>>> print(open('structure-v8.pdb').read())   # PDB, C-alpha atoms, pLDDT in the B column
ATOM      1  CA  MET B   1     121.984  67.324  18.293  1.00 68.00           C
ATOM      2  CA  SER B   2     121.269  70.898  19.424  1.00 82.00           C
ATOM      3  CA  ASN B   3     118.229  71.833  21.481  1.00 86.00           C
ATOM      4  CA  TYR B   4     116.804  73.747  18.501  1.00 84.00           C
ATOM      5  CA  LEU B   5     117.128  70.696  16.295  1.00 89.00           C
ATOM      6  CA  LYS B   6     115.571  68.467  18.952  1.00 91.00           C
ATOM      7  CA  ILE B   7     112.516  70.738  19.121  1.00 93.00           C
ATOM      8  CA  SER B   8     112.018  70.836  15.352  1.00 93.00           C
ATOM      9  CA  VAL B   9     112.565  67.070  15.035  1.00 94.00           C
ATOM     10  CA  ALA B  10     110.014  66.480  17.805  1.00 95.00           C
ATOM     11  CA  SER B  11     107.561  68.735  15.950  1.00 96.00           C
ATOM     12  CA  LEU B  12     108.150  66.780  12.745  1.00 95.00           C
ATOM     13  CA  LEU B  13     107.549  63.439  14.463  1.00 95.00           C
ATOM     14  CA  VAL B  14     104.412  64.658  16.261  1.00 96.00           C
ATOM     15  CA  THR B  15     103.007  66.045  12.997  1.00 96.00           C
ATOM     16  CA  ASN B  16     103.480  62.788  11.108  1.00 95.00           C
ATOM     17  CA  ILE B  17     102.142  60.687  13.981  1.00 96.00           C
ATOM     18  CA  PHE B  18      99.096  62.968  14.211  1.00 96.00           C
ATOM     19  CA  LEU B  19      98.424  62.541  10.475  1.00 95.00           C
ATOM     20  CA  LEU B  20      98.896  58.782  10.812  1.00 94.00           C
ATOM     21  CA  ILE B  21      96.284  58.654  13.581  1.00 95.00           C
ATOM     22  CA  MET B  22      93.872  60.753  11.503  1.00 94.00           C
ATOM     23  CA  ALA B  23      94.438  58.468   8.510  1.00 92.00           C
ATOM     24  CA  LEU B  24      93.557  55.412  10.601  1.00 93.00           C
ATOM     25  CA  ILE B  25      90.535  57.021  12.278  1.00 93.00           C
ATOM     26  CA  PHE B  26      89.005  58.421   9.084  1.00 91.00           C
ATOM     27  CA  GLU B  27      90.189  55.535   6.868  1.00 87.00           C
ATOM     28  CA  TRP B  28      91.837  57.773   4.297  1.00 87.00           C
ATOM     29  CA  LYS B  29      92.374  56.230   0.869  1.00 83.00           C
ATOM     30  CA  THR B  30      95.728  56.301  -0.912  1.00 82.00           C
ATOM     31  CA  TYR B  31      94.557  59.306  -2.922  1.00 83.00           C
ATOM     32  CA  ASP B  32      93.734  61.102   0.333  1.00 87.00           C
ATOM     33  CA  GLN B  33      97.235  60.424   1.653  1.00 87.00           C
ATOM     34  CA  MET B  34      98.772  61.818  -1.524  1.00 86.00           C
ATOM     35  CA  MET B  35      96.637  64.940  -1.288  1.00 89.00           C
ATOM     36  CA  VAL B  36      97.639  65.451   2.347  1.00 91.00           C
ATOM     37  CA  PHE B  37     101.282  65.415   1.360  1.00 90.00           C
ATOM     38  CA  TRP B  38     100.532  67.599  -1.669  1.00 92.00           C
ATOM     39  CA  THR B  39      99.312  70.333   0.678  1.00 95.00           C
ATOM     40  CA  GLU B  40     102.916  70.491   1.891  1.00 93.00           C
ATOM     41  CA  ASN B  41     103.633  72.248  -1.425  1.00 94.00           C
ATOM     42  CA  LEU B  42     101.330  75.071  -0.392  1.00 95.00           C
ATOM     43  CA  VAL B  43     102.827  75.246   3.089  1.00 96.00           C
ATOM     44  CA  ILE B  44     106.433  75.297   1.897  1.00 95.00           C
ATOM     45  CA  GLY B  45     105.570  77.881  -0.762  1.00 96.00           C
ATOM     46  CA  LEU B  46     103.937  80.117   1.861  1.00 96.00           C
ATOM     47  CA  ILE B  47     106.871  79.779   4.277  1.00 97.00           C
ATOM     48  CA  THR B  48     109.331  80.531   1.468  1.00 96.00           C
ATOM     49  CA  VAL B  49     107.516  83.815   0.753  1.00 96.00           C
ATOM     50  CA  PHE B  50     108.365  84.835   4.330  1.00 96.00           C
ATOM     51  CA  LYS B  51     111.965  83.644   3.944  1.00 96.00           C
ATOM     52  CA  ILE B  52     112.913  85.535   0.784  1.00 95.00           C
ATOM     53  CA  PRO B  53     112.919  89.064   2.309  1.00 93.00           C
ATOM     54  CA  PHE B  54     115.450  87.998   4.979  1.00 94.00           C
ATOM     55  CA  CYS B  55     117.990  86.418   2.630  1.00 93.00           C
ATOM     56  CA  ARG B  56     121.282  87.923   1.515  1.00 90.00           C
ATOM     57  CA  PRO B  57     121.252  90.221  -1.551  1.00 86.00           C
ATOM     58  CA  ILE B  58     121.895  88.866  -5.018  1.00 82.00           C
ATOM     59  CA  ASP B  59     125.489  89.062  -6.245  1.00 75.00           C
ATOM     60  CA  PRO B  60     126.245  92.356  -8.082  1.00 71.00           C
ATOM     61  CA  GLU B  61     127.037  90.586 -11.364  1.00 70.00           C
ATOM     62  CA  GLN B  62     123.517  89.072 -11.384  1.00 70.00           C
ATOM     63  CA  GLU B  63     121.677  92.337 -10.797  1.00 67.00           C
ATOM     64  CA  SER B  64     121.486  92.992 -14.537  1.00 69.00           C
ATOM     65  CA  HIS B  65     119.108  90.011 -14.836  1.00 68.00           C
ATOM     66  CA  TYR B  66     116.478  91.968 -12.924  1.00 68.00           C
ATOM     67  CA  PRO B  67     114.962  95.073 -14.620  1.00 68.00           C
ATOM     68  CA  VAL B  68     114.446  96.843 -11.286  1.00 71.00           C
ATOM     69  CA  PRO B  69     116.653  98.752  -8.828  1.00 71.00           C
ATOM     70  CA  ARG B  70     118.749  96.689  -6.400  1.00 68.00           C
ATOM     71  CA  SER B  71     116.545  97.613  -3.432  1.00 72.00           C
ATOM     72  CA  TRP B  72     113.465  96.205  -5.190  1.00 78.00           C
ATOM     73  CA  ILE B  73     114.889  92.834  -6.175  1.00 81.00           C
ATOM     74  CA  ARG B  74     113.800  90.929  -3.073  1.00 82.00           C
ATOM     75  CA  TRP B  75     110.214  92.136  -3.533  1.00 85.00           C
ATOM     76  CA  VAL B  76     110.156  91.312  -7.248  1.00 87.00           C
ATOM     77  CA  ALA B  77     111.530  87.860  -6.402  1.00 90.00           C
ATOM     78  CA  ILE B  78     108.410  86.986  -4.386  1.00 93.00           C
ATOM     79  CA  PRO B  79     105.816  87.143  -7.228  1.00 93.00           C
ATOM     80  CA  PHE B  80     108.323  85.504  -9.580  1.00 91.00           C
ATOM     81  CA  PHE B  81     108.756  82.646  -7.109  1.00 95.00           C
ATOM     82  CA  LEU B  82     104.995  82.291  -6.640  1.00 96.00           C
ATOM     83  CA  LEU B  83     104.463  82.115 -10.394  1.00 95.00           C
ATOM     84  CA  HIS B  84     106.796  79.211 -11.104  1.00 95.00           C
ATOM     85  CA  PHE B  85     106.129  77.431  -7.794  1.00 96.00           C
ATOM     86  CA  LEU B  86     102.346  77.454  -8.235  1.00 95.00           C
ATOM     87  CA  LEU B  87     102.793  76.100 -11.769  1.00 95.00           C
ATOM     88  CA  PHE B  88     104.936  73.311 -10.334  1.00 94.00           C
ATOM     89  CA  SER B  89     102.318  72.567  -7.655  1.00 93.00           C
ATOM     90  CA  ALA B  90      99.525  72.486 -10.265  1.00 91.00           C
ATOM     91  CA  MET B  91     101.454  69.976 -12.379  1.00 90.00           C
ATOM     92  CA  HIS B  92     102.130  67.914  -9.268  1.00 88.00           C
ATOM     93  CA  LEU B  93      98.401  67.920  -8.468  1.00 87.00           C
ATOM     94  CA  ALA B  94      97.509  66.867 -12.028  1.00 84.00           C
ATOM     95  CA  PHE B  95     100.073  64.075 -11.845  1.00 83.00           C
ATOM     96  CA  ILE B  96      98.591  62.735  -8.605  1.00 84.00           C
ATOM     97  CA  THR B  97      95.063  62.871 -10.032  1.00 79.00           C
ATOM     98  CA  MET B  98      96.041  60.977 -13.179  1.00 78.00           C
ATOM     99  CA  ILE B  99      97.827  58.239 -11.231  1.00 78.00           C
ATOM    100  CA  PHE B 100      94.968  57.709  -8.787  1.00 75.00           C
ATOM    101  CA  GLN B 101      92.148  58.215 -11.294  1.00 63.00           C
ATOM    102  CA  ALA B 102      90.342  55.058 -10.137  1.00 59.00           C
ATOM    103  CA  ASP B 103      89.997  56.534  -6.671  1.00 52.00           C
ATOM    104  CA  THR B 104      88.684  59.845  -7.987  1.00 52.00           C
ATOM    105  CA  ASP B 105      86.087  58.059 -10.144  1.00 54.00           C
ATOM    106  CA  ARG B 106      84.884  56.113  -7.121  1.00 54.00           C
ATOM    107  CA  TYR B 107      84.541  59.301  -5.099  1.00 53.00           C
ATOM    108  CA  ALA B 108      82.658  61.003  -7.934  1.00 54.00           C
ATOM    109  CA  ARG B 109      80.092  58.197  -8.245  1.00 53.00           C
ATOM    110  CA  SER B 110      79.350  58.212  -4.521  1.00 50.00           C
ATOM    111  CA  HIS B 111      79.211  62.019  -4.108  1.00 50.00           C
ATOM    112  CA  GLU B 112      77.647  63.244  -7.331  1.00 53.00           C
ATOM    113  CA  LEU B 113      76.312  66.503  -5.895  1.00 48.00           C
ATOM    114  CA  GLN B 114      79.483  67.580  -4.094  1.00 52.00           C
ATOM    115  CA  LEU B 115      81.831  70.213  -5.541  1.00 49.00           C
ATOM    116  CA  PHE B 116      85.100  68.511  -6.517  1.00 54.00           C
ATOM    117  CA  PRO B 117      83.805  65.176  -5.142  1.00 53.00           C
ATOM    118  CA  GLN B 118      87.182  63.463  -5.532  1.00 63.00           C
ATOM    119  CA  LEU B 119      88.661  65.606  -2.757  1.00 74.00           C
ATOM    120  CA  ASN B 120      88.556  64.621   0.886  1.00 82.00           C
ATOM    121  CA  TYR B 121      88.288  68.032   2.517  1.00 86.00           C
ATOM    122  CA  THR B 122      88.801  66.669   6.016  1.00 89.00           C
ATOM    123  CA  ALA B 123      92.136  65.160   4.995  1.00 91.00           C
ATOM    124  CA  LEU B 124      93.177  68.373   3.230  1.00 92.00           C
ATOM    125  CA  LEU B 125      92.293  70.521   6.233  1.00 94.00           C
ATOM    126  CA  PHE B 126      94.058  68.315   8.779  1.00 95.00           C
ATOM    127  CA  GLY B 127      97.070  67.976   6.512  1.00 95.00           C
ATOM    128  CA  PHE B 128      97.430  71.666   5.758  1.00 96.00           C
ATOM    129  CA  ILE B 129      97.055  72.815   9.374  1.00 97.00           C
ATOM    130  CA  ALA B 130      99.380  70.153  10.809  1.00 97.00           C
ATOM    131  CA  LEU B 131     102.083  70.759   8.195  1.00 96.00           C
ATOM    132  CA  LEU B 132     101.752  74.542   8.530  1.00 97.00           C
ATOM    133  CA  VAL B 133     102.327  74.327  12.289  1.00 97.00           C
ATOM    134  CA  ASN B 134     105.327  72.024  11.809  1.00 96.00           C
ATOM    135  CA  HIS B 135     107.001  74.177   9.144  1.00 96.00           C
ATOM    136  CA  SER B 136     106.267  77.374  11.091  1.00 97.00           C
ATOM    137  CA  ILE B 137     108.054  75.970  14.137  1.00 96.00           C
ATOM    138  CA  SER B 138     111.049  75.051  11.991  1.00 95.00           C
ATOM    139  CA  TYR B 139     110.961  78.496  10.358  1.00 96.00           C
ATOM    140  CA  PHE B 140     111.084  80.427  13.621  1.00 96.00           C
ATOM    141  CA  ILE B 141     113.586  78.106  15.303  1.00 95.00           C
ATOM    142  CA  HIS B 142     116.082  77.603  12.507  1.00 94.00           C
ATOM    143  CA  PHE B 143     115.584  80.337   9.950  1.00 95.00           C
ATOM    144  CA  ILE B 144     114.909  83.237  12.326  1.00 95.00           C
ATOM    145  CA  ARG B 145     116.350  82.290  15.719  1.00 94.00           C
ATOM    146  CA  LYS B 146     119.465  80.515  14.395  1.00 92.00           C
ATOM    147  CA  LYS B 147     119.764  83.075  11.573  1.00 93.00           C
ATOM    148  CA  GLU B 148     119.910  80.525   8.779  1.00 94.00           C
ATOM    149  CA  TYR B 149     118.847  83.318   6.432  1.00 93.00           C
ATOM    150  CA  LEU B 150     122.494  84.423   6.461  1.00 93.00           C
ATOM    151  CA  ARG B 151     123.408  81.224   4.583  1.00 91.00           C
ATOM    152  CA  TYR B 152     121.200  81.891   1.569  1.00 92.00           C
ATOM    153  CA  LYS B 153     120.944  84.459  -1.181  1.00 91.00           C
ATOM    154  CA  ILE B 154     117.591  85.542  -2.596  1.00 91.00           C
ATOM    155  CA  ASP B 155     118.038  83.699  -5.902  1.00 87.00           C
ATOM    156  CA  GLU B 156     119.023  80.492  -4.057  1.00 91.00           C
ATOM    157  CA  MET B 157     116.017  80.609  -1.753  1.00 93.00           C
ATOM    158  CA  MET B 158     113.596  80.719  -4.702  1.00 92.00           C
ATOM    159  CA  PHE B 159     114.697  77.226  -5.776  1.00 91.00           C
ATOM    160  CA  ILE B 160     115.405  75.543  -2.435  1.00 91.00           C
ATOM    161  CA  PRO B 161     111.785  74.248  -2.028  1.00 92.00           C
ATOM    162  CA  TYR B 162     112.209  72.105  -5.144  1.00 91.00           C
ATOM    163  CA  LYS B 163     115.180  70.170  -3.818  1.00 83.00           C
ATOM    164  CA  ARG B 164     113.109  69.001  -0.859  1.00 79.00           C
ATOM    165  CA  LEU B 165     109.756  68.420  -2.520  1.00 86.00           C
ATOM    166  CA  ILE B 166     110.933  66.603  -5.636  1.00 85.00           C
ATOM    167  CA  PHE B 167     113.074  64.083  -3.758  1.00 79.00           C
ATOM    168  CA  VAL B 168     110.650  63.384  -0.903  1.00 79.00           C
ATOM    169  CA  HIS B 169     107.508  63.280  -3.027  1.00 78.00           C
ATOM    170  CA  LEU B 170     109.029  61.004  -5.658  1.00 82.00           C
ATOM    171  CA  ILE B 171     109.607  58.415  -2.928  1.00 81.00           C
ATOM    172  CA  VAL B 172     106.169  58.975  -1.393  1.00 80.00           C
ATOM    173  CA  LEU B 173     104.462  58.751  -4.798  1.00 78.00           C
ATOM    174  CA  SER B 174     106.347  55.564  -5.652  1.00 81.00           C
ATOM    175  CA  PHE B 175     105.246  53.999  -2.382  1.00 76.00           C
ATOM    176  CA  GLY B 176     101.659  55.180  -2.934  1.00 76.00           C
ATOM    177  CA  VAL B 177     101.562  53.784  -6.462  1.00 76.00           C
ATOM    178  CA  GLY B 178     102.706  50.415  -5.122  1.00 77.00           C
ATOM    179  CA  ILE B 179      99.938  50.437  -2.517  1.00 74.00           C
ATOM    180  CA  ALA B 180      97.266  51.388  -5.050  1.00 69.00           C
ATOM    181  CA  PHE B 181      98.485  48.989  -7.762  1.00 67.00           C
ATOM    182  CA  PHE B 182      98.586  45.952  -5.486  1.00 67.00           C
ATOM    183  CA  GLN B 183      95.454  47.083  -3.591  1.00 67.00           C
ATOM    184  CA  LEU B 184      97.203  46.948  -0.231  1.00 69.00           C
ATOM    185  CA  GLU B 185      95.139  49.628   1.490  1.00 71.00           C
ATOM    186  CA  SER B 186      95.036  48.426   5.105  1.00 78.00           C
ATOM    187  CA  ALA B 187      95.875  49.781   8.548  1.00 82.00           C
ATOM    188  CA  ALA B 188      99.231  47.966   8.514  1.00 84.00           C
ATOM    189  CA  THR B 189     100.133  49.404   5.117  1.00 83.00           C
ATOM    190  CA  ILE B 190      99.230  52.926   6.230  1.00 85.00           C
ATOM    191  CA  VAL B 191     101.472  52.557   9.282  1.00 88.00           C
ATOM    192  CA  ILE B 192     104.376  51.362   7.124  1.00 86.00           C
ATOM    193  CA  PHE B 193     103.698  54.180   4.665  1.00 83.00           C
ATOM    194  CA  TYR B 194     103.966  56.809   7.402  1.00 89.00           C
ATOM    195  CA  LEU B 195     107.012  55.185   8.997  1.00 90.00           C
ATOM    196  CA  VAL B 196     108.797  55.483   5.644  1.00 86.00           C
ATOM    197  CA  LYS B 197     107.704  59.126   5.363  1.00 87.00           C
ATOM    198  CA  ILE B 198     108.872  59.855   8.934  1.00 91.00           C
ATOM    199  CA  TRP B 199     112.292  58.334   8.266  1.00 90.00           C
ATOM    200  CA  ILE B 200     112.727  60.334   5.047  1.00 87.00           C
ATOM    201  CA  ASP B 201     111.617  63.573   6.707  1.00 88.00           C
ATOM    202  CA  TYR B 202     113.888  63.005   9.693  1.00 91.00           C
ATOM    203  CA  LYS B 203     116.984  62.293   7.597  1.00 88.00           C
ATOM    204  CA  ARG B 204     116.336  65.255   5.326  1.00 86.00           C
ATOM    205  CA  HIS B 205     115.547  67.635   8.194  1.00 87.00           C
ATOM    206  CA  LYS B 206     118.565  66.641  10.268  1.00 86.00           C
ATOM    207  CA  ALA B 207     120.929  66.913   7.306  1.00 84.00           C
ATOM    208  CA  GLU B 208     119.548  70.284   6.241  1.00 85.00           C
ATOM    209  CA  HIS B 209     119.730  71.960   9.617  1.00 83.00           C
ATOM    210  CA  SER B 210     122.870  70.269  10.910  1.00 73.00           C
ATOM    211  CA  SER B 211     124.911  71.309   7.884  1.00 55.00           C
ATOM    212  CA  GLN B 212     127.533  73.998   8.246  1.00 49.00           C
ATOM    213  CA  SER B 213     127.897  74.388   4.496  1.00 45.00           C
ATOM    214  CA  ASP B 214     126.479  77.334   2.559  1.00 44.00           C
ATOM    215  CA  SER B 215     125.657  75.081  -0.372  1.00 43.00           C
ATOM    216  CA  ILE B 216     121.977  74.609  -1.173  1.00 41.00           C
ATOM    217  CA  TYR B 217     122.760  71.021  -2.171  1.00 40.00           C
ATOM    218  CA  THR B 218     123.885  69.814   1.273  1.00 44.00           C
ATOM    219  CA  TRP B 219     121.401  67.063   2.076  1.00 40.00           C
ATOM    220  CA  PHE B 220     122.490  63.594   3.130  1.00 34.00           C
TER     221      PHE B 220
END
>>> encode(input="structure-v8.pdb", output="structure tokens")
Amino acid sequence: MSNYLKISVASLLVTNIFLLIMALIFEWKTYDQMMVFWTENLVIGLITVFKIPFCRPIDPEQESHYPVPRSWIRWVAIPFFLLHFLLFSAMHLAFITMIFQADTDRYARSHELQLFPQLNYTALLFGFIALLVNHSISYFIHFIRKKEYLRYKIDEMMFIPYKRLIFVHLIVLSFGVGIAFFQLESAATIVIFYLVKIWIDYKRHKAEHSSQSDSIYTWF
């Protein structure tokens, strides 16, 4: 394992451990945990916006798909990416809310005067900041310093976030649904939940940044 990879893996572990400690201290509900991990959508989307301009140009035969000059394509790609990625994130948010509706109802009854009472703003804030720091470290170490941007074309980079989020969040959601369904919300369950998340993140991160292949599908 390279020194760069060791640093980013350490950042990943520290981030998840920090969120685990916050979850135990503030007694976050399952819905809160899901929302913390949902904020990773926003973080990855933001980081991807800063990745697109560095990527390799689109192949000449694909230029006709874009009604703008070649030099403008990378800048047109950014709003196009934001459009479909924010729609994906909104559907993901709606899906989480529907699954954990019992939790949101309980929050609403106890905080009737609060705007969006189902949301735990402390959890969202801690989650967003911690995940932003972690992904920023990975961005500067791997994408910029190791020049991983040379491996990807602009059109590939617009869809890379999905391959990570869909796989990881399907597992996390499945685990969360099991916890909520069997009413297993306890400190021990939260620890197990985060250990599973840490293992998934570690395997995915190591595979992604250790790969020598140019394929966007090189994972495990």
>>> closest_atom_pairs(input="structure-v8.pdb", of="region 122-204 of chain B", to="region 42-65 of chain B", cutoff="6 Å", atoms="all atoms listed in the file", output="Markdown table")
| residue | atom | partner | partner_atom | distance |
| --- | --- | --- | --- | --- |
| B:Leu132 | CA | B:Val43 | CA | 5.6 |
| B:Tyr149 | CA | B:Cys55 | CA | 5.0 |
| B:Tyr152 | CA | B:Cys55 | CA | 5.7 |
| B:Lys153 | CA | B:Arg56 | CA | 4.4 |
| B:Ile154 | CA | B:Cys55 | CA | 5.3 |
>>> closest_residue(input="structure-v8.pdb", among="B:Leu12, B:Ala94, B:Ile160, B:Val191", to="Gln33 (chain B)", atoms="all atoms listed in the file")
B:Val191
>>> closest_residue(input="structure-v8.pdb", among="B:Pro161, B:Pro79, B:Gly178, B:Gly127", to="Asp32 (chain B)", atoms="all atoms listed in the file")
B:Gly127
>>> closest_residue(input="structure-v8.pdb", among="B:His142, B:Arg151, B:His92, B:Lys203", to="Leu165 (chain B)", atoms="all atoms listed in the file")
B:His92
>>> resolve_selection(input="structure-v8.pdb", expression="the PyMOL selection byres ((chain B and resi 1-6) around 8)", output="VMD selection string")
chain B and resid 7 to 10 141 to 142 206 209 to 210
>>> write_last_selection(input="structure-v8.pdb", atoms="C-alpha atoms", output="PDB file, in the frame of the given file")
ATOM      1  CA  ILE B   7     112.516  70.738  19.121  1.00 93.00           C
ATOM      2  CA  SER B   8     112.018  70.836  15.352  1.00 93.00           C
ATOM      3  CA  VAL B   9     112.565  67.070  15.035  1.00 94.00           C
ATOM      4  CA  ALA B  10     110.014  66.480  17.805  1.00 95.00           C
ATOM      5  CA  ILE B 141     113.586  78.106  15.303  1.00 95.00           C
ATOM      6  CA  HIS B 142     116.082  77.603  12.507  1.00 94.00           C
ATOM      7  CA  LYS B 206     118.565  66.641  10.268  1.00 86.00           C
ATOM      8  CA  HIS B 209     119.730  71.960   9.617  1.00 83.00           C
ATOM      9  CA  SER B 210     122.870  70.269  10.910  1.00 73.00           C
TER      10      SER B 210
END
>>> atom_distance(input="structure-v8.pdb", atom1="CA of Asn120 (chain B)", atom2="CA of Phe85 (chain B)")
23.4 Å
>>> atom_distance(input="structure-v8.pdb", atom1="CA of Leu170 (chain B)", atom2="CA of Ile190 (chain B)")
17.4 Å
>>> residues_around(input="structure-v8.pdb", residues="Phe175 (chain B)", least_positions_apart="5", cutoff="12 Å", atoms="only C-alpha atoms", output="list in words")
Thr30, Tyr31, Gln33, Met34, Val168, His169, Leu170, Ala180, Phe181, Phe182, Leu184, Glu185, Thr189, Ile190, Ile192, Phe193, Tyr194, Leu195, Val196 and Lys197 of chain B
>>> write_last_selection(input="structure-v8.pdb", atoms="C-alpha atoms", output="PDB file, keeping the file's coordinate frame")
ATOM      1  CA  THR B  30      95.728  56.301  -0.912  1.00 82.00           C
ATOM      2  CA  TYR B  31      94.557  59.306  -2.922  1.00 83.00           C
ATOM      3  CA  GLN B  33      97.235  60.424   1.653  1.00 87.00           C
ATOM      4  CA  MET B  34      98.772  61.818  -1.524  1.00 86.00           C
ATOM      5  CA  VAL B 168     110.650  63.384  -0.903  1.00 79.00           C
ATOM      6  CA  HIS B 169     107.508  63.280  -3.027  1.00 78.00           C
ATOM      7  CA  LEU B 170     109.029  61.004  -5.658  1.00 82.00           C
ATOM      8  CA  ALA B 180      97.266  51.388  -5.050  1.00 69.00           C
ATOM      9  CA  PHE B 181      98.485  48.989  -7.762  1.00 67.00           C
ATOM     10  CA  PHE B 182      98.586  45.952  -5.486  1.00 67.00           C
ATOM     11  CA  LEU B 184      97.203  46.948  -0.231  1.00 69.00           C
ATOM     12  CA  GLU B 185      95.139  49.628   1.490  1.00 71.00           C
ATOM     13  CA  THR B 189     100.133  49.404   5.117  1.00 83.00           C
ATOM     14  CA  ILE B 190      99.230  52.926   6.230  1.00 85.00           C
ATOM     15  CA  ILE B 192     104.376  51.362   7.124  1.00 86.00           C
ATOM     16  CA  PHE B 193     103.698  54.180   4.665  1.00 83.00           C
ATOM     17  CA  TYR B 194     103.966  56.809   7.402  1.00 89.00           C
ATOM     18  CA  LEU B 195     107.012  55.185   8.997  1.00 90.00           C
ATOM     19  CA  VAL B 196     108.797  55.483   5.644  1.00 86.00           C
ATOM     20  CA  LYS B 197     107.704  59.126   5.363  1.00 87.00           C
TER      21      LYS B 197
END
